[in-house]
Each structure stands twice: as structure tokens, then as C-alpha cells.
Amino acid sequence: MLLSNRTVVPNAQAACSRRAVIGRAAVTDKPVTTNGTAARAKPGVPEGTPIVTPQNLPSRPRRNRRSETFRSGIRENWLSPAHFILPIFVHEEHDRNEPIASMPGINRLAYGKNVVDHVAEARSLGVNQVVIFPKTPDHLKTSSAQEAFNPNGLSQRTIRLLKDAFPD
């Protein structure tokens, strides 16, 4: 089976591995599944949403187990601060933290030093994992969440900032 840039062309003489076929399918205009059929968007999904082709992995991925920080977060049988995940609400409108009215006692942190300081305090208490909730400006919001794919979006920049400050 050979893949062109637009369609799937069956060919009995093609000696391609399944992994090579999947790799080529990811760069075609029409996403292709592992059995060679065209992938279709699910009903109700906004137009322009990227179609992700399924991966046929021959083994269980273990890339997330390299980090001691991650391994300690998923161990079983006891509960410690290392098992908690701290939600961080981030904005970049100004340099001040702003309270979130619907969550008393919780602030939306200003991007930059405030985020790093907050995570440093949490790490000193043993909480080593965070999840980032950015405040996306209204003019950047789309039905297909294009800002989520922006490599310089607020979430992506915050992740880079925290990885630079805390490599583990």
C-alpha cells in the first residue's frame, strides 16, 4: 500500500512496514487510518478542527516513567503531597494577581514571576505537579480552539517558563 499526498493507492508490491504507513498518513491532506481508509471527523465537531489519526502502538509507551517526579506521583497505597496536582490559573492582562469571584481564596496569577513563585512555594510543601488553566482573551477564542495549537500561546509559554525554572 502506498500513500500519495491526497489519496490511498493500493499496491500489492509495496513493501512498507505498518509504522512507515502510519508515519506517511500523518502528513497527508486526507488523514488515513492504519487500515487504509480515510478518517472522518466526528459529527458535531467544528470545521477546521485537526483530525488526529490513531496510532497503532506495538507496545505500551513508557516515556512518562523516566521522571522520578512523575513516578512518585502515580505510586499507590499511600497519599502524600507528591500525589496532589496544583491547579494554576494564569492571565497576562497586567502584573497583578486577580481574585476569581466564583472561587473564594483562589487567584488568577499574572504570567511570569508570580507563577514561578507560586509553584516554588507548592514544591517546598511537596506538591510537584501542576495543571495550567490560562485566561484566553475573547478575541483569540474560536470554535475549534486554535489558540491551543499556538506555540506561543499563554499555556505553552507558561509550561516553558516552569520547565526552565524546575527542570524535573
# chains A, B, ... in the order shown; residues from 1 in each chain; ligands from 1

$ residues_around --residues "segment 155-161 of chain A" --least-positions-apart "3" --cutoff "8 Å" --atoms "only C-alpha atoms" --output "list in words"
Tyr111, Gly112, Val116, Ile132, Phe133, Pro134, Ala148, Asn150, Pro151, Asn152, Asp164 and Ala165 of chain A

$ write_last_selection --atoms "all heavy atoms" --output "mmCIF file, in the first residue's frame"
data_model
loop_
_atom_site.group_PDB
_atom_site.id
_atom_site.type_symbol
_atom_site.label_atom_id
_atom_site.label_comp_id
_atom_site.auth_asym_id
_atom_site.auth_seq_id
_atom_site.Cartn_x
_atom_site.Cartn_y
_atom_site.Cartn_z
ATOM 1 N N TYR A 111 1.200 36.163 34.603
ATOM 2 C CA TYR A 111 2.251 35.388 33.951
ATOM 3 C C TYR A 111 3.622 35.934 34.334
ATOM 4 O O TYR A 111 3.834 37.140 34.376
ATOM 5 C CB TYR A 111 2.082 35.443 32.426
ATOM 6 C CG TYR A 111 3.227 34.821 31.671
ATOM 7 C CD1 TYR A 111 3.320 33.453 31.540
ATOM 8 C CD2 TYR A 111 4.220 35.609 31.120
ATOM 9 C CE1 TYR A 111 4.376 32.875 30.861
ATOM 10 C CE2 TYR A 111 5.284 35.045 30.436
ATOM 11 C CZ TYR A 111 5.351 33.681 30.310
ATOM 12 O OH TYR A 111 6.408 33.114 29.650
ATOM 13 N N GLY A 112 4.552 35.045 34.621
ATOM 14 C CA GLY A 112 5.927 35.449 34.924
ATOM 15 C C GLY A 112 6.325 35.048 36.329
ATOM 16 O O GLY A 112 6.079 33.926 36.775
ATOM 17 N N VAL A 116 6.009 31.437 38.878
ATOM 18 C CA VAL A 116 7.188 30.704 39.350
ATOM 19 C C VAL A 116 7.226 30.695 40.876
ATOM 20 O O VAL A 116 7.487 29.653 41.492
ATOM 21 C CB VAL A 116 8.486 31.307 38.760
ATOM 22 C CG1 VAL A 116 9.714 30.667 39.376
ATOM 23 C CG2 VAL A 116 8.501 31.128 37.249
ATOM 24 N N ILE A 132 -2.277 23.810 34.216
ATOM 25 C CA ILE A 132 -2.379 25.231 33.896
ATOM 26 C C ILE A 132 -3.713 25.517 33.211
ATOM 27 O O ILE A 132 -4.080 24.852 32.242
ATOM 28 C CB ILE A 132 -1.209 25.652 32.986
ATOM 29 C CG1 ILE A 132 0.099 25.415 33.716
ATOM 30 C CG2 ILE A 132 -1.346 27.097 32.555
ATOM 31 C CD1 ILE A 132 1.303 25.457 32.837
ATOM 32 N N PHE A 133 -4.411 26.522 33.740
ATOM 33 C CA PHE A 133 -5.661 26.998 33.145
ATOM 34 C C PHE A 133 -5.455 28.451 32.731
ATOM 35 O O PHE A 133 -5.501 29.351 33.567
ATOM 36 C CB PHE A 133 -6.815 26.892 34.152
ATOM 37 C CG PHE A 133 -7.147 25.480 34.534
ATOM 38 C CD1 PHE A 133 -6.633 24.922 35.694
ATOM 39 C CD2 PHE A 133 -7.965 24.706 33.730
ATOM 40 C CE1 PHE A 133 -6.930 23.618 36.056
ATOM 41 C CE2 PHE A 133 -8.269 23.394 34.079
ATOM 42 C CZ PHE A 133 -7.749 22.849 35.253
ATOM 43 N N PRO A 134 -5.227 28.702 31.452
ATOM 44 C CA PRO A 134 -4.981 30.081 31.012
ATOM 45 C C PRO A 134 -6.283 30.846 30.807
ATOM 46 O O PRO A 134 -7.329 30.257 30.511
ATOM 47 C CB PRO A 134 -4.270 29.889 29.681
ATOM 48 C CG PRO A 134 -4.872 28.627 29.155
ATOM 49 C CD PRO A 134 -5.102 27.747 30.361
ATOM 50 N N ALA A 148 -5.113 26.923 21.265
ATOM 51 C CA ALA A 148 -4.491 25.765 21.910
ATOM 52 C C ALA A 148 -3.341 25.214 21.075
ATOM 53 O O ALA A 148 -2.445 24.556 21.612
ATOM 54 C CB ALA A 148 -5.527 24.680 22.150
ATOM 55 N N ASN A 150 -1.352 27.214 19.211
ATOM 56 C CA ASN A 150 -0.388 28.300 19.036
ATOM 57 C C ASN A 150 0.856 27.997 19.877
ATOM 58 O O ASN A 150 0.774 27.935 21.100
ATOM 59 C CB ASN A 150 -1.015 29.627 19.478
ATOM 60 C CG ASN A 150 -0.075 30.793 19.348
ATOM 61 O OD1 ASN A 150 1.079 30.658 18.965
ATOM 62 N ND2 ASN A 150 -0.573 31.969 19.689
ATOM 63 N N PRO A 151 2.027 27.832 19.267
ATOM 64 C CA PRO A 151 3.233 27.507 20.048
ATOM 65 C C PRO A 151 3.654 28.631 20.985
ATOM 66 O O PRO A 151 4.413 28.397 21.918
ATOM 67 C CB PRO A 151 4.307 27.249 18.985
ATOM 68 C CG PRO A 151 3.759 27.780 17.716
ATOM 69 C CD PRO A 151 2.284 27.880 17.837
ATOM 70 N N ASN A 152 3.143 29.835 20.780
ATOM 71 C CA ASN A 152 3.460 30.952 21.675
ATOM 72 C C ASN A 152 2.244 31.389 22.477
ATOM 73 O O ASN A 152 2.169 32.523 22.942
ATOM 74 C CB ASN A 152 4.016 32.137 20.872
ATOM 75 C CG ASN A 152 5.369 31.806 20.300
ATOM 76 O OD1 ASN A 152 6.216 31.249 20.990
ATOM 77 N ND2 ASN A 152 5.577 32.126 19.045
ATOM 78 N N ASP A 164 11.818 25.644 32.559
ATOM 79 C CA ASP A 164 13.122 26.296 32.730
ATOM 80 C C ASP A 164 13.446 26.480 34.211
ATOM 81 O O ASP A 164 14.592 26.309 34.626
ATOM 82 C CB ASP A 164 13.146 27.652 32.022
ATOM 83 C CG ASP A 164 13.165 27.522 30.506
ATOM 84 O OD1 ASP A 164 13.472 26.426 30.004
ATOM 85 O OD2 ASP A 164 12.858 28.536 29.835
ATOM 86 N N ALA A 165 12.441 26.840 35.005
ATOM 87 C CA ALA A 165 12.669 27.069 36.429
ATOM 88 C C ALA A 165 12.802 25.762 37.214
ATOM 89 O O ALA A 165 13.582 25.698 38.177
ATOM 90 C CB ALA A 165 11.530 27.904 37.018
#

$ select_by_dssp --residues "segment 78-136 of chain A" --states "alpha helix (DSSP H)" --output "ChimeraX atom specification"
/A:113-124

$ residues_around --residues "segment 82-94 of chain A" --least-positions-apart "4" --cutoff "7 Å" --atoms "only C-alpha atoms" --output "VMD selection string"
chain A and resid 72 to 74 108 to 111 126 to 135

$ atom_distance --atom1 "atom CA of Ser102 of chain A" --atom2 "atom CA of Arg123 of chain A"
25.9 Å

$ closest_residue --among "A:Gly105, A:Pro167, A:Pro43, A:Pro50" --to "Ala145 of chain A" --atoms "only C-alpha atoms"
A:Pro50

$ atom_distance --atom1 "atom CA of Phe166 of chain A" --atom2 "atom CA of Pro99 of chain A"
25.7 Å

$ atom_distance --atom1 "atom CA of Asp95 of chain A" --atom2 "atom CA of Val115 of chain A"
11.1 Å

$ decode --residues "segment 115-130 of chain A" --atoms "N, CA and C atoms" --output "compact mmCIF listing (two decimals), in the first residue's frame"
# COMPACT_ATOMS: atom_id res chain seq x y z
N VAL A 115 3.87 33.27 38.84
CA VAL A 115 3.64 31.84 38.60
C VAL A 115 4.80 31.02 39.16
N VAL A 116 6.01 31.44 38.88
CA VAL A 116 7.19 30.70 39.35
C VAL A 116 7.23 30.70 40.88
N ASP A 117 6.94 31.83 41.51
CA ASP A 117 6.94 31.90 42.97
C ASP A 117 5.88 30.99 43.57
N HIS A 118 4.70 30.96 42.97
CA HIS A 118 3.61 30.12 43.47
C HIS A 118 3.97 28.64 43.38
N VAL A 119 4.55 28.24 42.25
CA VAL A 119 4.94 26.84 42.08
C VAL A 119 6.11 26.50 43.01
N ALA A 120 7.04 27.43 43.21
CA ALA A 120 8.16 27.18 44.14
C ALA A 120 7.64 26.94 45.55
N GLU A 121 6.64 27.70 45.97
CA GLU A 121 6.06 27.51 47.29
C GLU A 121 5.39 26.14 47.39
N ALA A 122 4.65 25.76 46.36
CA ALA A 122 4.00 24.45 46.35
C ALA A 122 5.02 23.32 46.39
N ARG A 123 6.11 23.48 45.64
CA ARG A 123 7.15 22.45 45.64
C ARG A 123 7.83 22.34 47.00
N SER A 124 7.96 23.45 47.70
CA SER A 124 8.57 23.39 49.03
C SER A 124 7.68 22.60 50.01
N LEU A 125 6.38 22.53 49.71
CA LEU A 125 5.45 21.74 50.53
C LEU A 125 5.30 20.31 50.03
N GLY A 126 5.94 19.98 48.91
CA GLY A 126 5.92 18.62 48.39
C GLY A 126 5.01 18.40 47.20
N VAL A 127 4.31 19.43 46.74
CA VAL A 127 3.43 19.30 45.57
C VAL A 127 4.27 19.60 44.33
N ASN A 128 4.50 18.58 43.51
CA ASN A 128 5.42 18.71 42.39
C ASN A 128 4.76 18.75 41.02
N GLN A 129 3.43 18.67 40.96
CA GLN A 129 2.75 18.64 39.67
C GLN A 129 1.71 19.77 39.62
N VAL A 130 1.58 20.37 38.44
CA VAL A 130 0.62 21.46 38.25
C VAL A 130 -0.17 21.23 36.97
